[in-house]
$ cat run13.tsv   # TSV, C-alpha atoms and all ligand atoms
chain	number	residue	atom	x	y	z
A	879	MET	CA	-92.22	7.34	-51.48
A	880	ILE	CA	-91.39	10.62	-53.23
A	881	PRO	CA	-94.69	12.52	-52.91
A	882	TYR	CA	-96.24	14.40	-55.84
A	883	GLY	CA	-96.36	17.59	-53.80
A	884	ARG	CA	-95.10	18.73	-50.43
A	885	GLN	CA	-95.05	21.94	-48.39
A	886	GLU	CA	-91.87	23.52	-47.09
A	887	ILE	CA	-91.92	24.90	-43.54
A	888	THR	CA	-88.93	26.96	-42.41
A	889	GLN	CA	-87.84	28.23	-39.00
A	890	ASP	CA	-89.18	31.67	-39.99
A	891	ASP	CA	-92.62	30.13	-40.54
A	892	ILE	CA	-92.47	28.42	-37.13
A	893	ASP	CA	-91.34	31.63	-35.42
A	894	ALA	CA	-94.16	33.61	-37.04
A	895	VAL	CA	-96.80	31.13	-35.83
A	896	VAL	CA	-95.33	30.90	-32.33
A	897	GLU	CA	-95.27	34.69	-32.05
A	898	THR	CA	-98.97	34.78	-32.91
A	899	LEU	CA	-99.69	32.00	-30.39
A	900	LYS	CA	-98.19	34.21	-27.69
A	901	SER	CA	-100.17	37.29	-28.82
A	902	ASP	CA	-103.66	38.39	-27.78
A	903	PHE	CA	-105.27	37.08	-30.94
A	904	LEU	CA	-105.56	33.51	-32.16
A	905	THR	CA	-108.53	33.89	-34.46
A	906	SER	CA	-109.68	37.24	-35.89
A	907	GLY	CA	-106.77	39.57	-35.13
A	908	PRO	CA	-104.34	41.74	-37.07
A	909	ALA	CA	-102.58	38.87	-38.88
A	910	ILE	CA	-105.55	38.31	-41.19
A	911	GLU	CA	-105.60	41.84	-42.58
A	912	LYS	CA	-101.82	41.84	-42.83
A	913	PHE	CA	-101.92	38.68	-44.95
A	914	GLU	CA	-104.78	40.01	-47.08
A	915	LYS	CA	-102.94	43.25	-47.75
A	916	ARG	CA	-99.79	41.37	-48.63
A	917	VAL	CA	-101.56	39.18	-51.18
A	918	ALA	CA	-103.54	42.12	-52.62
A	919	GLU	CA	-100.35	44.15	-53.11
A	920	TYR	CA	-98.57	41.19	-54.67
A	921	CYS	CA	-101.41	40.56	-57.12
A	922	GLY	CA	-102.02	44.22	-57.91
A	923	VAL	CA	-105.68	44.08	-56.88
A	924	LYS	CA	-107.80	46.34	-54.66
A	925	TYR	CA	-109.29	43.83	-52.24
A	926	ALA	CA	-108.45	40.42	-50.78
A	927	VAL	CA	-110.59	38.38	-48.36
A	928	ALA	CA	-108.97	35.35	-46.69
A	929	VAL	CA	-111.18	32.43	-45.65
A	930	ALA	CA	-111.01	28.89	-44.27
A	931	SER	CA	-110.43	27.16	-47.62
A	932	CYS	CA	-110.51	27.75	-51.35
A	933	THR	CA	-113.82	25.87	-51.41
A	934	ALA	CA	-115.25	28.48	-49.03
A	935	ALA	CA	-113.67	31.19	-51.22
A	936	LEU	CA	-115.43	29.80	-54.31
A	937	HIS	CA	-118.74	29.54	-52.45
A	938	ILE	CA	-118.82	33.15	-51.22
A	939	ALA	CA	-117.37	34.49	-54.48
A	940	TYR	CA	-120.26	32.84	-56.34
A	941	LEU	CA	-122.84	34.05	-53.80
A	942	SER	CA	-121.49	37.60	-53.87
A	943	LEU	CA	-122.13	37.64	-57.64
A	944	GLY	CA	-125.73	36.53	-57.10
A	945	LEU	CA	-125.42	32.87	-58.02
A	946	GLY	CA	-128.44	30.95	-56.73
A	947	LYS	CA	-131.43	28.86	-57.68
A	948	GLY	CA	-132.32	29.15	-61.36
A	949	LYS	CA	-128.84	30.45	-62.26
A	950	ARG	CA	-126.13	28.61	-64.20
A	951	LEU	CA	-122.39	28.20	-63.79
A	952	TRP	CA	-120.06	26.61	-66.33
A	953	THR	CA	-116.56	25.39	-65.62
A	954	SER	CA	-113.90	22.96	-66.78
A	955	PRO	CA	-114.30	19.25	-66.00
A	956	ASN	CA	-110.52	19.05	-65.46
A	957	THR	CA	-110.59	20.38	-61.92
A	958	PHE	CA	-111.02	19.42	-58.31
A	959	VAL	CA	-114.70	18.83	-57.49
A	960	ALA	CA	-114.82	21.96	-55.30
A	961	THR	CA	-115.05	24.30	-58.32
A	962	ALA	CA	-118.42	22.80	-59.32
A	963	ASN	CA	-119.62	21.77	-55.85
A	964	ALA	CA	-119.54	25.38	-54.63
A	965	ALA	CA	-122.04	26.31	-57.37
A	966	LEU	CA	-124.33	23.47	-56.27
A	967	TYR	CA	-124.11	24.79	-52.67
A	968	CYS	CA	-125.68	27.98	-54.08
A	969	GLY	CA	-128.54	25.97	-55.61
A	970	ALA	CA	-127.35	26.80	-59.14
A	971	ASP	CA	-127.08	24.45	-62.14
A	972	VAL	CA	-123.63	23.40	-63.30
A	973	ASP	CA	-122.35	22.43	-66.72
A	974	PHE	CA	-118.93	21.61	-68.16
A	975	VAL	CA	-116.98	23.03	-71.10
A	976	ASP	CA	-114.38	20.84	-72.84
A	977	ILE	CA	-110.65	21.51	-72.41
A	978	ASP	CA	-107.93	22.58	-74.82
A	979	PRO	CA	-105.80	19.55	-75.87
A	980	GLU	CA	-102.53	21.45	-75.42
A	981	THR	CA	-102.91	23.45	-72.19
A	982	PHE	CA	-105.65	21.29	-70.58
A	983	ASN	CA	-107.37	24.56	-69.64
A	984	LEU	CA	-110.95	25.41	-70.55
A	985	SER	CA	-111.13	25.63	-74.35
A	986	VAL	CA	-112.18	29.05	-75.60
A	987	SER	CA	-113.49	27.63	-78.89
A	988	ALA	CA	-115.55	24.99	-77.03
A	989	LEU	CA	-116.87	27.74	-74.77
A	990	GLU	CA	-117.86	29.90	-77.72
A	991	ALA	CA	-119.62	27.01	-79.48
A	992	LYS	CA	-121.52	26.16	-76.30
A	993	LEU	CA	-122.53	29.80	-75.80
A	994	VAL	CA	-123.92	30.00	-79.35
A	995	GLU	CA	-126.10	26.95	-78.66
A	996	ALA	CA	-127.13	28.19	-75.21
A	997	GLU	CA	-128.18	31.57	-76.58
A	998	LYS	CA	-130.60	29.85	-78.97
A	999	LYS	CA	-132.08	27.82	-76.11
A	1000	GLY	CA	-132.12	30.67	-73.62
A	1001	THR	CA	-129.77	28.83	-71.27
A	1002	LEU	CA	-126.75	31.16	-71.14
A	1003	PRO	CA	-124.58	30.91	-68.01
A	1004	ASP	CA	-124.48	33.56	-65.27
A	1005	ILE	CA	-120.90	32.72	-64.26
A	1006	VAL	CA	-118.07	30.95	-66.08
A	1007	THR	CA	-115.20	29.72	-63.89
A	1008	PRO	CA	-112.01	29.08	-65.87
A	1009	VAL	CA	-109.56	26.93	-63.87
A	1010	HIS	CA	-105.92	27.86	-64.35
A	1011	PHE	CA	-104.82	24.25	-64.57
A	1012	SER	CA	-101.38	23.27	-63.28
A	1013	GLY	CA	-100.43	26.94	-62.73
A	1014	GLN	CA	-100.92	28.35	-66.23
A	1015	SER	CA	-103.58	31.01	-66.76
A	1016	CYS	CA	-106.46	30.47	-69.14
A	1017	ASP	CA	-106.82	32.87	-72.07
A	1018	LEU	CA	-108.60	35.49	-69.97
A	1019	LYS	CA	-108.75	38.20	-72.65
A	1020	GLN	CA	-110.73	35.97	-74.97
A	1021	ILE	CA	-112.92	34.69	-72.15
A	1022	LYS	CA	-113.59	38.29	-71.06
A	1023	SER	CA	-114.60	39.29	-74.57
A	1024	LEU	CA	-117.09	36.39	-74.61
A	1025	ALA	CA	-118.28	37.49	-71.16
A	1026	ASP	CA	-118.97	40.97	-72.52
A	1027	LYS	CA	-120.78	39.59	-75.54
A	1028	TYR	CA	-122.92	37.02	-73.69
A	1029	GLY	CA	-123.32	38.78	-70.35
A	1030	PHE	CA	-121.77	36.41	-67.81
A	1031	ASP	CA	-119.35	37.05	-64.94
A	1032	VAL	CA	-115.91	35.43	-64.79
A	1033	VAL	CA	-114.57	33.93	-61.55
A	1034	GLU	CA	-111.03	32.57	-61.90
A	1035	ASP	CA	-110.19	29.38	-60.02
A	1036	GLY	CA	-106.53	30.17	-59.33
A	1037	ALA	CA	-106.06	27.43	-56.71
A	1038	HIS	CA	-102.94	26.28	-58.59
A	1039	CYS	CA	-101.44	29.55	-59.42
A	1040	ILE	CA	-100.62	32.21	-56.89
A	1041	GLY	CA	-97.35	33.60	-58.24
A	1042	ALA	CA	-98.21	32.98	-61.90
A	1043	SER	CA	-98.52	35.77	-64.47
A	1044	TYR	CA	-100.74	36.42	-67.47
A	1045	ASP	CA	-100.22	39.25	-69.94
A	1046	ALA	CA	-97.47	40.72	-67.72
A	1047	GLN	CA	-99.74	40.89	-64.66
A	1048	LYS	CA	-100.00	38.58	-61.67
A	1049	VAL	CA	-102.91	36.14	-61.65
A	1050	GLY	CA	-105.34	37.52	-59.08
A	1051	SER	CA	-105.22	41.07	-60.45
A	1052	CYS	CA	-108.80	40.52	-61.72
A	1053	THR	CA	-108.12	42.65	-64.79
A	1054	TYR	CA	-110.35	40.34	-66.83
A	1055	SER	CA	-112.60	38.92	-64.13
A	1056	LYS	CA	-114.91	39.79	-61.23
A	1057	ALA	CA	-113.01	37.65	-58.73
A	1058	CYS	CA	-110.16	35.17	-58.42
A	1059	VAL	CA	-109.69	32.50	-55.73
A	1060	PHE	CA	-106.54	30.87	-54.35
A	1061	SER	CA	-105.95	27.76	-52.22
A	1062	PHE	CA	-103.36	27.47	-49.46
A	1063	HIS	CA	-103.68	23.73	-48.94
A	1064	PRO	CA	-100.19	22.24	-48.27
A	1065	VAL	CA	-99.78	20.77	-51.79
A	1066	LYS	CA	-100.45	24.15	-53.43
A	1067	ILE	CA	-97.86	26.91	-54.03
A	1068	ILE	CA	-97.87	28.46	-50.53
A	1069	THR	CA	-99.70	27.14	-47.48
A	1070	THR	CA	-101.65	28.26	-44.41
A	1071	GLY	CA	-102.41	24.64	-43.43
A	1072	GLU	CA	-105.94	24.93	-44.76
A	1073	GLY	CA	-106.97	28.24	-46.26
A	1074	GLY	CA	-108.18	30.20	-49.25
A	1075	LEU	CA	-108.62	33.75	-50.48
A	1076	VAL	CA	-110.74	35.80	-52.90
A	1077	THR	CA	-109.39	38.83	-54.76
A	1078	THR	CA	-111.61	41.43	-56.44
A	1079	ASN	CA	-111.59	45.04	-57.61
A	1080	ASP	CA	-115.34	45.41	-57.03
A	1081	GLU	CA	-116.21	47.25	-53.81
A	1082	GLU	CA	-119.72	45.73	-53.63
A	1083	VAL	CA	-118.39	42.20	-54.10
A	1084	TYR	CA	-115.78	42.92	-51.44
A	1085	GLN	CA	-118.39	44.05	-48.88
A	1086	ALA	CA	-120.52	40.98	-49.66
A	1087	LEU	CA	-117.50	38.69	-49.18
A	1088	LEU	CA	-116.79	40.20	-45.76
A	1089	ARG	CA	-120.39	39.62	-44.63
A	1090	LEU	CA	-120.69	36.12	-46.07
A	1091	ARG	CA	-117.43	35.06	-44.40
A	1092	THR	CA	-118.95	35.67	-40.99
A	1093	HIS	CA	-122.65	34.75	-40.76
A	1094	GLY	CA	-123.92	37.63	-42.90
A	1095	ILE	CA	-123.23	39.96	-39.99
A	1096	THR	CA	-122.37	43.64	-40.36
A	1097	ARG	CA	-121.39	46.48	-38.02
A	1098	ASP	CA	-121.16	48.96	-40.88
A	1099	PRO	CA	-123.37	51.96	-39.86
A	1100	ALA	CA	-124.32	52.47	-43.51
A	1101	LEU	CA	-125.87	48.98	-43.64
A	1102	LEU	CA	-127.61	48.84	-40.26
A	1103	HIS	CA	-131.41	48.93	-40.39
A	1104	ASP	CA	-131.59	50.30	-36.84
A	1105	LYS	CA	-128.96	52.98	-36.40
A	1106	ASP	CA	-129.94	54.09	-32.89
A	1107	GLN	CA	-128.44	51.26	-30.89
A	1108	GLY	CA	-125.35	51.10	-28.69
A	1109	SER	CA	-121.85	50.19	-29.78
A	1110	TRP	CA	-122.49	46.50	-28.93
A	1111	TYR	CA	-124.97	46.39	-31.76
A	1112	PHE	CA	-124.64	44.46	-35.02
A	1113	GLU	CA	-127.13	43.00	-37.45
A	1114	GLN	CA	-127.31	39.88	-39.54
A	1115	VAL	CA	-128.37	41.12	-42.99
A	1116	ASP	CA	-127.61	38.04	-45.18
A	1117	LEU	CA	-127.45	34.30	-44.54
A	1118	GLY	CA	-123.67	33.93	-44.28
A	1119	TYR	CA	-121.33	31.24	-43.03
A	1120	HIS	CA	-118.54	30.71	-40.55
A	1121	TYR	CA	-115.75	30.64	-43.12
A	1122	ARG	CA	-113.18	32.64	-41.15
A	1123	ILE	CA	-109.48	31.85	-41.30
A	1124	THR	CA	-107.37	32.28	-38.15
A	1125	ASP	CA	-104.53	34.60	-37.20
A	1126	LEU	CA	-102.34	31.53	-36.69
A	1127	GLN	CA	-102.90	30.47	-40.29
A	1128	CYS	CA	-102.41	33.97	-41.67
A	1129	ALA	CA	-99.14	34.41	-39.76
A	1130	LEU	CA	-97.92	31.31	-41.58
A	1131	GLY	CA	-99.31	32.64	-44.86
A	1132	THR	CA	-97.51	35.99	-44.58
A	1133	SER	CA	-94.26	34.22	-43.77
A	1134	GLN	CA	-94.75	31.92	-46.79
A	1135	MET	CA	-95.42	34.95	-49.02
A	1136	ASP	CA	-91.80	35.98	-48.32
A	1137	ARG	CA	-90.74	32.93	-50.33
A	1138	LEU	CA	-93.45	32.86	-53.01
A	1139	ASN	CA	-91.22	34.13	-55.82
A	1140	GLU	CA	-88.44	31.79	-54.77
A	1141	TYR	CA	-90.88	28.84	-54.79
A	1142	VAL	CA	-92.12	29.67	-58.27
A	1143	THR	CA	-88.52	30.01	-59.52
A	1144	ARG	CA	-87.61	26.63	-58.05
A	1145	ARG	CA	-90.70	24.98	-59.52
A	1146	GLN	CA	-89.93	26.56	-62.88
A	1147	GLY	CA	-86.31	25.34	-62.76
A	1148	LEU	CA	-87.37	21.79	-61.91
A	1149	SER	CA	-90.00	21.86	-64.67
A	1150	ASN	CA	-87.47	23.03	-67.25
A	1151	ARG	CA	-85.20	20.24	-66.09
A	1152	TYR	CA	-88.02	17.68	-66.53
A	1153	THR	CA	-88.62	18.98	-70.04
A	1154	GLN	CA	-84.91	18.75	-70.93
A	1155	LYS	CA	-84.66	15.20	-69.61
A	1156	LEU	CA	-87.91	13.90	-71.10
A	1157	LYS	CA	-88.15	15.64	-74.47
A	1158	HIS	CA	-86.68	12.73	-76.45
A	1159	LEU	CA	-89.32	10.31	-75.10
A	1160	PRO	CA	-92.71	9.50	-76.67
A	1161	LEU	CA	-94.58	11.80	-74.26
A	1162	GLN	CA	-96.63	14.97	-74.65
A	1163	LEU	CA	-94.96	17.48	-72.32
A	1164	PRO	CA	-96.49	20.67	-70.86
A	1165	THR	CA	-96.76	23.70	-73.16
A	1166	VAL	CA	-96.35	27.24	-71.83
A	1167	LEU	CA	-97.99	29.96	-73.90
A	1168	ASP	CA	-96.18	33.22	-74.75
A	1169	ASP	CA	-98.30	35.50	-72.57
A	1170	CYS	CA	-98.14	33.18	-69.52
A	1171	GLU	CA	-95.69	32.46	-66.73
A	1172	SER	CA	-96.80	29.31	-64.95
A	1173	SER	CA	-96.44	28.81	-61.21
A	1174	TRP	CA	-95.90	25.11	-62.01
A	1175	HIS	CA	-98.19	23.56	-59.42
A	1176	LEU	CA	-98.27	20.36	-61.49
A	1177	TYR	CA	-96.06	18.81	-64.14
A	1178	VAL	CA	-98.34	16.56	-66.20
A	1179	VAL	CA	-97.15	14.29	-69.02
A	1180	LEU	CA	-99.40	12.43	-71.48
A	1181	ILE	CA	-98.22	8.96	-72.34
A	1182	ASP	CA	-98.33	7.69	-75.90
A	1183	GLY	CA	-100.93	4.97	-75.48
A	1184	ASP	CA	-104.26	4.13	-73.93
A	1185	ASP	CA	-105.65	3.99	-70.40
A	1186	ALA	CA	-104.32	0.43	-69.87
A	1187	LYS	CA	-100.78	1.56	-70.67
A	1188	ARG	CA	-101.15	4.63	-68.44
A	1189	ARG	CA	-102.32	2.44	-65.56
A	1190	ASP	CA	-99.38	0.09	-66.03
A	1191	ILE	CA	-96.87	2.96	-66.01
A	1192	TYR	CA	-98.62	4.57	-63.03
A	1193	ASN	CA	-98.55	1.33	-61.01
A	1194	LYS	CA	-94.92	0.60	-61.82
A	1195	MET	CA	-93.86	4.15	-60.90
A	1196	ARG	CA	-95.67	3.81	-57.56
A	1197	ASP	CA	-93.99	0.40	-57.02
A	1198	ALA	CA	-90.67	2.16	-57.61
A	1199	GLY	CA	-91.42	4.61	-54.77
A	1200	ILE	CA	-92.49	7.51	-56.98
A	1201	GLY	CA	-95.72	9.15	-55.87
A	1202	VAL	CA	-97.15	9.88	-59.31
A	1203	ASN	CA	-100.77	10.99	-59.39
A	1204	VAL	CA	-103.57	11.74	-61.88
A	1205	HIS	CA	-105.20	15.18	-62.14
A	1206	TYR	CA	-108.14	15.12	-62.43
A	1207	ILE	CA	-110.83	12.48	-62.42
A	1208	PRO	CA	-113.34	14.41	-64.58
A	1209	VAL	CA	-115.92	16.04	-62.32
A	1210	TYR	CA	-118.77	14.62	-64.46
A	1211	ALA	CA	-117.42	11.07	-63.91
A	1212	HIS	CA	-117.98	11.03	-60.14
A	1213	PRO	CA	-121.03	8.96	-59.05
A	1214	PHE	CA	-122.67	12.01	-57.48
A	1215	TYR	CA	-122.49	13.92	-60.78
A	1216	LYS	CA	-123.50	10.87	-62.82
A	1217	ASP	CA	-126.62	10.64	-60.65
A	1218	LEU	CA	-127.36	14.25	-61.60
A	1219	GLY	CA	-127.33	13.11	-65.24
A	1220	PHE	CA	-123.83	14.12	-66.32
A	1221	ASP	CA	-121.68	12.10	-68.71
A	1222	SER	CA	-118.63	12.73	-70.90
A	1223	ALA	CA	-120.68	13.86	-73.91
A	1224	GLY	CA	-119.38	17.20	-75.08
A	1225	CYS	CA	-115.93	16.72	-73.55
A	1226	PRO	CA	-113.96	14.46	-75.96
A	1227	ASN	CA	-110.69	16.33	-75.37
A	1228	ASN	CA	-111.03	15.88	-71.63
A	1229	GLU	CA	-111.71	12.15	-72.09
A	1230	ALA	CA	-108.60	11.72	-74.25
A	1231	TYR	CA	-106.55	13.73	-71.77
A	1232	TYR	CA	-107.77	11.84	-68.71
A	1233	SER	CA	-106.94	8.42	-70.21
A	1234	ARG	CA	-103.28	9.40	-70.81
A	1235	ALA	CA	-102.30	11.83	-68.04
A	1236	ILE	CA	-99.76	11.23	-65.28
A	1237	THR	CA	-98.65	13.91	-62.79
A	1238	LEU	CA	-94.96	13.68	-61.87
A	1239	PRO	CA	-93.72	14.79	-58.41
A	1240	LEU	CA	-93.00	18.52	-58.27
A	1241	PHE	CA	-92.38	20.67	-55.20
A	1242	PRO	CA	-89.68	23.13	-54.11
A	1243	GLY	CA	-87.77	20.56	-52.03
A	1244	LEU	CA	-87.56	17.92	-54.80
A	1245	THR	CA	-83.86	17.13	-55.31
A	1246	GLU	CA	-82.13	16.72	-58.67
A	1247	GLU	CA	-81.17	13.16	-57.65
A	1248	GLU	CA	-84.83	12.34	-57.01
A	1249	GLN	CA	-85.77	13.97	-60.29
A	1250	ASP	CA	-83.12	11.98	-62.19
A	1251	TYR	CA	-84.47	8.77	-60.66
A	1252	ILE	CA	-88.04	9.71	-61.67
A	1253	CYS	CA	-86.93	10.43	-65.27
A	1254	GLU	CA	-84.85	7.22	-65.56
A	1255	THR	CA	-87.73	5.13	-64.23
A	1256	LEU	CA	-90.22	6.74	-66.60
A	1257	GLU	CA	-87.85	6.31	-69.57
A	1258	LYS	CA	-87.63	2.56	-68.93
A	1259	LEU	CA	-91.43	2.27	-68.76
A	1260	VAL	CA	-92.39	4.26	-71.88
B	1	LIG	C1	-107.26	22.53	-54.27
B	1	LIG	C2	-108.26	23.06	-55.20
B	1	LIG	C3	-109.48	23.61	-54.77
B	1	LIG	C4	-109.95	23.55	-53.35
B	1	LIG	O1	-109.05	24.07	-52.44
B	1	LIG	P1	-109.26	23.89	-50.85
B	1	LIG	O2	-108.39	24.96	-50.28
B	1	LIG	O3	-108.80	22.51	-50.52
B	1	LIG	O4	-110.70	24.09	-50.55
B	1	LIG	C5	-110.31	24.18	-55.71
B	1	LIG	N1	-109.99	24.19	-57.01
B	1	LIG	C6	-108.86	23.64	-57.48
B	1	LIG	C7	-108.55	23.71	-58.93
B	1	LIG	C8	-107.97	23.05	-56.58
B	1	LIG	O5	-106.85	22.47	-57.04
$ encode --input "run13.tsv" --output "structure tokens"
Amino acid sequence: MIPYGRQEITQDDIDAVVETLKSDFLTSGPAIEKFEKRVAEYCGVKYAVAVASCTAALHIAYLSLGLGKGKRLWTSPNTFVATANAALYCGADVDFVDIDPETFNLSVSALEAKLVEAEKKGTLPDIVTPVHFSGQSCDLKQIKSLADKYGFDVVEDGAHCIGASYDAQKVGSCTYSKACVFSFHPVKIITTGEGGLVTTNDEEVYQALLRLRTHGITRDPALLHDKDQGSWYFEQVDLGYHYRITDLQCALGTSQMDRLNEYVTRRQGLSNRYTQKLKHLPLQLPTVLDDCESSWHLYVVLIDGDDAKRRDIYNKMRDAGIGVNVHYIPVYAHPFYKDLGFDSAGCPNNEAYYSRAITLPLFPGLTEEEQDYICETLEKLV
């Protein structure tokens, strides 16, 4: 089976991890800060905090901005459940904003319409989390101008898009947001095995992230309540978590960063090739906006037909050894969310999208022969 996504591990990656294994530090050593600095420099942002997963990154990013009981977070339904779950971990209420029918990102016009209604009812959100679906940034300038008007914070879910650019800056620069998170799960752009990271330019958010990553503990003299203790002394000042990433993982991450640009270039080349080979077929192909450079985490096509036709094509592609996938089951459609009272009302674009979408295999090691086979098989089926 050709998978839909796959990591690439080189000898350099293996050497970097083995070197760390032989060092004094396996868990919280110098490799973590080295990785954080590397990502921060790449993104053009002041601070980066690496954690055990992107889900953990979302959770502490939300907490550091004060999300909690009685607060509200809005996001796109076209995402992995973690984006919304992390807000529920905080005790906040979640709601969903419909997607744009062309980019499949959170729709700015749907967001604006929902904000107008919420203002009347006194139910404006505290945080909005745009998800940069498939590797293409949302329209952050417009979202930021709504944030300024309606008084919410923006947290970018950039799980798909380390290496992508928006408005000539790398995603993660936080020019238009309070924080941005990345995932380093093996199907994403670069990997640490499991892992995630938060970027921010806000010093207070940064300090909160550091505490929340490790039990809410601080050794910072400025924060200690009792300053007259010995050098063994630390205090727990918040309820934090054990969300630390390890040196082993960060050694792999830094080594993978060496190839980030190369990975994005390869993904982009393969995506252009898909578009060339599929453009004569009755399919809606991905659109890239002028101010965006996608990292091409996913290549999603919409078939010309209904859910039954999509299922038939999906099944036949799988039977042919092609690991197509569907991204995403709408968050509101999961039984857990249905039990909370969610349904598809308010998200007609997402419903139409979800009934027609198929994700084709895309990863740096995908060969042109494999890609030709995928395109020929799809052509026969549509
Ligand atoms: C993968 C993913 C996550 C969660 O990442 P983990 O590192 O597995 O916790 C969150 N949001 C989106 C959009 C993702 O694709």
$ residues_around --input "run13.tsv" --residues "Asp1184 (chain A)" --least-positions-apart "3" --cutoff "8 Å" --atoms "all atoms listed in the file" --output "list in words"
Ile1181, Lys1187, Arg1188, Ser1233 and Arg1234 of chain A
$ closest_residue --input "run13.tsv" --among "A:Asp971, A:Glu1072, A:Asp1017, A:Asp1116" --to "Val929 (chain A)" --atoms "all atoms listed in the file"
A:Glu1072
$ residues_near_ligand --input "run13.tsv" --ligand "ligand LIG 1 (chain B)" --cutoff "10 Å" --atoms "only C-alpha atoms and all ligand atoms" --output "mmCIF file with C-alpha atoms, in the frame of the given file"
data_model
loop_
_atom_site.group_PDB
_atom_site.id
_atom_site.type_symbol
_atom_site.label_atom_id
_atom_site.label_comp_id
_atom_site.auth_asym_id
_atom_site.auth_seq_id
_atom_site.Cartn_x
_atom_site.Cartn_y
_atom_site.Cartn_z
ATOM 1 C CA VAL A 929 -111.180 32.430 -45.650
ATOM 2 C CA ALA A 930 -111.010 28.890 -44.270
ATOM 3 C CA SER A 931 -110.430 27.160 -47.620
ATOM 4 C CA CYS A 932 -110.510 27.750 -51.350
ATOM 5 C CA THR A 933 -113.820 25.870 -51.410
ATOM 6 C CA ALA A 934 -115.250 28.480 -49.030
ATOM 7 C CA ALA A 935 -113.670 31.190 -51.220
ATOM 8 C CA LEU A 936 -115.430 29.800 -54.310
ATOM 9 C CA HIS A 937 -118.740 29.540 -52.450
ATOM 10 C CA SER A 954 -113.900 22.960 -66.780
ATOM 11 C CA ASN A 956 -110.520 19.050 -65.460
ATOM 12 C CA THR A 957 -110.590 20.380 -61.920
ATOM 13 C CA PHE A 958 -111.020 19.420 -58.310
ATOM 14 C CA VAL A 959 -114.700 18.830 -57.490
ATOM 15 C CA ALA A 960 -114.820 21.960 -55.300
ATOM 16 C CA THR A 961 -115.050 24.300 -58.320
ATOM 17 C CA ALA A 962 -118.420 22.800 -59.320
ATOM 18 C CA ASN A 963 -119.620 21.770 -55.850
ATOM 19 C CA ALA A 964 -119.540 25.380 -54.630
ATOM 20 C CA PRO A 1008 -112.010 29.080 -65.870
ATOM 21 C CA VAL A 1009 -109.560 26.930 -63.870
ATOM 22 C CA HIS A 1010 -105.920 27.860 -64.350
ATOM 23 C CA PHE A 1011 -104.820 24.250 -64.570
ATOM 24 C CA SER A 1012 -101.380 23.270 -63.280
ATOM 25 C CA GLY A 1013 -100.430 26.940 -62.730
ATOM 26 C CA GLU A 1034 -111.030 32.570 -61.900
ATOM 27 C CA ASP A 1035 -110.190 29.380 -60.020
ATOM 28 C CA GLY A 1036 -106.530 30.170 -59.330
ATOM 29 C CA ALA A 1037 -106.060 27.430 -56.710
ATOM 30 C CA HIS A 1038 -102.940 26.280 -58.590
ATOM 31 C CA CYS A 1039 -101.440 29.550 -59.420
ATOM 32 C CA VAL A 1059 -109.690 32.500 -55.730
ATOM 33 C CA PHE A 1060 -106.540 30.870 -54.350
ATOM 34 C CA SER A 1061 -105.950 27.760 -52.220
ATOM 35 C CA PHE A 1062 -103.360 27.470 -49.460
ATOM 36 C CA HIS A 1063 -103.680 23.730 -48.940
ATOM 37 C CA PRO A 1064 -100.190 22.240 -48.270
ATOM 38 C CA VAL A 1065 -99.780 20.770 -51.790
ATOM 39 C CA LYS A 1066 -100.450 24.150 -53.430
ATOM 40 C CA THR A 1069 -99.700 27.140 -47.480
ATOM 41 C CA THR A 1070 -101.650 28.260 -44.410
ATOM 42 C CA GLY A 1071 -102.410 24.640 -43.430
ATOM 43 C CA GLU A 1072 -105.940 24.930 -44.760
ATOM 44 C CA GLY A 1073 -106.970 28.240 -46.260
ATOM 45 C CA GLY A 1074 -108.180 30.200 -49.250
ATOM 46 C CA LEU A 1075 -108.620 33.750 -50.480
ATOM 47 C CA HIS A 1175 -98.190 23.560 -59.420
ATOM 48 C CA LEU A 1176 -98.270 20.360 -61.490
ATOM 49 C CA HIS A 1205 -105.200 15.180 -62.140
ATOM 50 C CA TYR A 1206 -108.140 15.120 -62.430
#
$ closest_residue --input "run13.tsv" --among "A:Glu995, A:Glu914, A:Glu1229, A:Glu1140" --to "Glu886 (chain A)" --atoms "only C-alpha atoms"
A:Glu1140
$ atom_distance --input "run13.tsv" --atom1 "CA of Thr1078 (chain A)" --atom2 "CA of Arg1091 (chain A)"
14.8 Å
